[in-house]
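Asks: Take this structure first; my questions come after.
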Amino acid sequence: MRNFRDYEAWQKGLWLSKRIYQATMSFPKHEVFGLSSQLQRAATSIPTNIAEGAGRESGLDFAHFLDIALGSAYEVETELLVAESLEYITKEEADEFISVTQSIQCQISNLIKKIRDKSQL
């Protein structure tokens, strides 16, 4: 049985999700159901899908949920760039969040490759 809390990508994803919730509190009110909500959902999707996949029996099922988490990480990166361009977050915040997001992307990609390579044996 896999413990999702042991994955660094999950740990970073949880941190990122919390920080994005905090950052989006200062977004304009008209973004409550727009960019703010979308960014929160995408960020939360990263650790959530890692956890859900870790609970699956097969490695290929786990890899499928990691694929979803990876897609969410790319979505978060794009939405952070939009938020920065609209000046909802500072360049420094965007750079920090994007750096963590890209680290998560690499970790998830490596984990997917490892699982798929192992499944082909």
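Residues in the structure tokens are named by chain (A, B, ... in the order shown) and by number from 1 within that chain; ligands are numbered from 1 in the order shown.
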Any chance you could tabulate, as a Markdown table, the residues of stretch 26-104 of chain A at most 6 Å from stretch 3-12 of chain A with each one's nearest atom pair and distance in Å to one decimal, using only C-alpha atoms, in chain and rising number order?
Replies:
| residue | atom | partner | partner_atom | distance |
| --- | --- | --- | --- | --- |
| A:Pro47 | CA | A:Trp10 | CA | 4.8 |
| A:Ala51 | CA | A:Phe4 | CA | 5.0 |
| A:Ala54 | CA | A:Phe4 | CA | 5.6 |
| A:Ile104 | CA | A:Ala9 | CA | 5.1 |
Asks: How close does stretch 88-110 of chain A get to stretch 33-42 of chain A? List, as a Markdown table, each residue of stretch 88-110 of chain A within 12 Å, its nearest atom pair and the distance in Å to one decimal, counting only C-alpha atoms.
Replies:
| residue | atom | partner | partner_atom | distance |
| --- | --- | --- | --- | --- |
| A:Tyr88 | CA | A:Ser36 | CA | 9.7 |
| A:Ile89 | CA | A:Ser36 | CA | 11.2 |
| A:Phe97 | CA | A:Leu39 | CA | 11.8 |
| A:Thr101 | CA | A:Ala42 | CA | 11.4 |
Asks: If you run DSSP on the backbone here, which positions in chain A get alpha helix (DSSP H)? Please write them as a PyMOL selection string.
Replies: chain A and resi 8-24+35-54+59-85+91-119
Asks: Taking only C-alpha atoms into account, which of A:Gly53, A:Asp67, A:Met1, A:Glu96 comes nearest A:Ile20?
Replies: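 Of A:Gly53, A:Asp67, A:Met1, A:Glu96, the one nearest A:Ile20 is A:Glu96, counting only C-alpha atoms.
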Asks: Sort by chain and increasing residue number a table of all residues of stretch 60-88 of chain A within 7 Å of stretch 110-119 of chain A, each with its closest pair of atoms and their distance in Å to one decimal, counting only C-alpha atoms, and write it as JSON lines.
Replies:
{"residue": "A:Leu60", "atom": "CA", "partner": "A:Arg116", "partner_atom": "CA", "distance": 6.8}
{"residue": "A:Ala63", "atom": "CA", "partner": "A:Ile112", "partner_atom": "CA", "distance": 5.3}
{"residue": "A:Leu66", "atom": "CA", "partner": "A:Ile112", "partner_atom": "CA", "distance": 6.7}
Asks: Grab the residues selected above and save them as a tab-separated table (two decimals), in the first residue's frame with C-alpha atoms.
Replies:
chain	number	residue	atom	x	y	z
A	60	LEU	CA	-1.12	1.87	-14.08
A	63	ALA	CA	-0.04	6.56	-13.19
A	66	LEU	CA	-0.61	11.15	-11.71
Asks: Which residues come within 7 Å of A:Ser17, counting only C-alpha atoms, excluding same-chain residues fewer than 3 positions away, as a PyMOL selection string?
Replies: chain A and resi 13-14+20-21+40+43-44
Asks: If we count only C-alpha atoms and set the cut-off at 9 Å, which residues sit around A:Arg56, ignoring sequence neighbours fewer than 5 positions away in its own chain? Please answer as a PyMOL selection string.
Replies: chain A and resi 1-2+61-62
Asks: Could the residues in this selection be written to a file with all heavy atoms, as a short mmCIF file (atom, residue, chain, number, x, y, z; two decimals), in the first residue's frame?
Replies:
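Output file again-v4.cif follows:
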data_model
loop_
_atom_site.label_atom_id
_atom_site.label_comp_id
_atom_site.auth_asym_id
_atom_site.auth_seq_id
_atom_site.Cartn_x
_atom_site.Cartn_y
_atom_site.Cartn_z
N MET A 1 0.84 -1.19 0.00
CA MET A 1 0.00 0.00 0.00
C MET A 1 0.88 1.25 0.00
O MET A 1 1.84 1.34 0.76
CB MET A 1 -0.88 -0.04 1.26
CG MET A 1 -1.93 1.01 1.27
SD MET A 1 -3.18 0.57 0.08
CE MET A 1 -4.50 1.57 0.59
N ARG A 2 0.58 2.19 -0.87
CA ARG A 2 1.34 3.43 -0.96
C ARG A 2 0.80 4.46 0.02
O ARG A 2 -0.40 4.63 0.13
CB ARG A 2 1.23 4.00 -2.37
CG ARG A 2 1.77 3.12 -3.47
CD ARG A 2 1.43 3.76 -4.83
NE ARG A 2 1.47 2.77 -5.87
CZ ARG A 2 0.41 2.06 -6.28
NH1 ARG A 2 -0.76 2.24 -5.73
NH2 ARG A 2 0.54 1.18 -7.23
N ASP A 61 -3.09 2.34 -12.72
CA ASP A 61 -4.15 3.22 -12.21
C ASP A 61 -3.52 4.43 -11.51
O ASP A 61 -3.98 5.57 -11.68
CB ASP A 61 -5.06 2.48 -11.23
CG ASP A 61 -6.06 1.57 -11.91
OD1 ASP A 61 -6.26 1.71 -13.13
OD2 ASP A 61 -6.63 0.71 -11.21
N PHE A 62 -2.49 4.17 -10.72
CA PHE A 62 -1.78 5.26 -10.04
C PHE A 62 -1.23 6.24 -11.08
O PHE A 62 -1.39 7.46 -10.95
CB PHE A 62 -0.67 4.68 -9.18
CG PHE A 62 0.07 5.68 -8.31
CD1 PHE A 62 -0.49 6.89 -7.92
CD2 PHE A 62 1.35 5.39 -7.87
CE1 PHE A 62 0.20 7.79 -7.11
CE2 PHE A 62 2.05 6.28 -7.06
CZ PHE A 62 1.48 7.48 -6.68
#
Asks: Need the shell around stretch 84-87 of chain A: protein/DNA/RNA residues with any atom at most 12 Å away, counting only C-alpha atoms. Skip same-chain ones fewer than 3 positions apart. Format as a list in words?
Replies: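 Close residues of stretch 84-87 of chain A: Ala23, Thr24, Ser26, Phe27, Pro28, Glu31, Leu35, Glu77, Thr78, Glu79, Leu80, Leu81, Thr90, Lys91, Glu92, Glu93, Ala94, Asp95, Glu96, Phe97 and Ile98 of chain A.
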Asks: For C-alpha atoms, I'd like the residues from the last selection saved as a PDB file, in the first residue's frame.
Replies:
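Result file is part-v1.pdb:
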ATOM      1  CA  ALA A  23      -2.948  34.604  -2.459  1.00  0.00           C
ATOM      2  CA  THR A  24      -6.346  34.480  -4.184  1.00  0.00           C
ATOM      3  CA  SER A  26      -6.769  39.400  -2.430  1.00  0.00           C
ATOM      4  CA  PHE A  27      -8.002  38.888  -6.011  1.00  0.00           C
ATOM      5  CA  PRO A  28     -10.800  41.246  -7.118  1.00  0.00           C
ATOM      6  CA  GLU A  31     -12.841  36.868  -9.888  1.00  0.00           C
ATOM      7  CA  LEU A  35      -9.636  32.922 -12.163  1.00  0.00           C
ATOM      8  CA  GLU A  77       1.392  27.395 -14.075  1.00  0.00           C
ATOM      9  CA  THR A  78      -0.633  28.976 -16.875  1.00  0.00           C
ATOM     10  CA  GLU A  79      -3.165  30.512 -14.497  1.00  0.00           C
ATOM     11  CA  LEU A  80      -0.348  31.954 -12.376  1.00  0.00           C
ATOM     12  CA  LEU A  81       1.030  33.659 -15.483  1.00  0.00           C
ATOM     13  CA  THR A  90       3.440  40.097  -7.783  1.00  0.00           C
ATOM     14  CA  LYS A  91       6.225  38.836 -10.026  1.00  0.00           C
ATOM     15  CA  GLU A  92       7.969  37.526  -6.914  1.00  0.00           C
ATOM     16  CA  GLU A  93       4.899  35.520  -5.866  1.00  0.00           C
ATOM     17  CA  ALA A  94       4.442  34.194  -9.388  1.00  0.00           C
ATOM     18  CA  ASP A  95       8.119  33.214  -9.620  1.00  0.00           C
ATOM     19  CA  GLU A  96       7.990  31.374  -6.281  1.00  0.00           C
ATOM     20  CA  PHE A  97       4.747  29.553  -7.099  1.00  0.00           C
ATOM     21  CA  ILE A  98       5.899  28.676 -10.624  1.00  0.00           C
TER      22      ILE A  98
END
Asks: What gap, in Å, lies between atom CA of A:Tyr74 and atom CA of A:His30?
Replies: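 Separation of atom CA of A:Tyr74 and atom CA of A:His30: 24.1 Å.
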Asks: Please, what distance in Å, to one decimal, runs between atom CA of A:Ile46 and atom CA of A:Val76?
Replies: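 Result for atom CA of A:Ile46 versus atom CA of A:Val76: 9.2 Å, one decimal.
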Asks: Go through A:Leu70, A:Leu16, A:Val32, A:Met25 one by one, measure the shortest atom-to-atom distance of each to A:Gln107 using only C-alpha atoms, and give the residue with the smallest value.
Replies: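 Looking at the shortest contact to A:Gln107, the residue is A:Leu70.
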Asks: Taking into account only C-alpha atoms, which residue in the set A:Glu75, A:Thr48, A:Lys18, A:Glu57 is nearest to A:Gln105?
Replies: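 Looking only at the distances to A:Gln105, the closest residue turns out to be A:Glu75.
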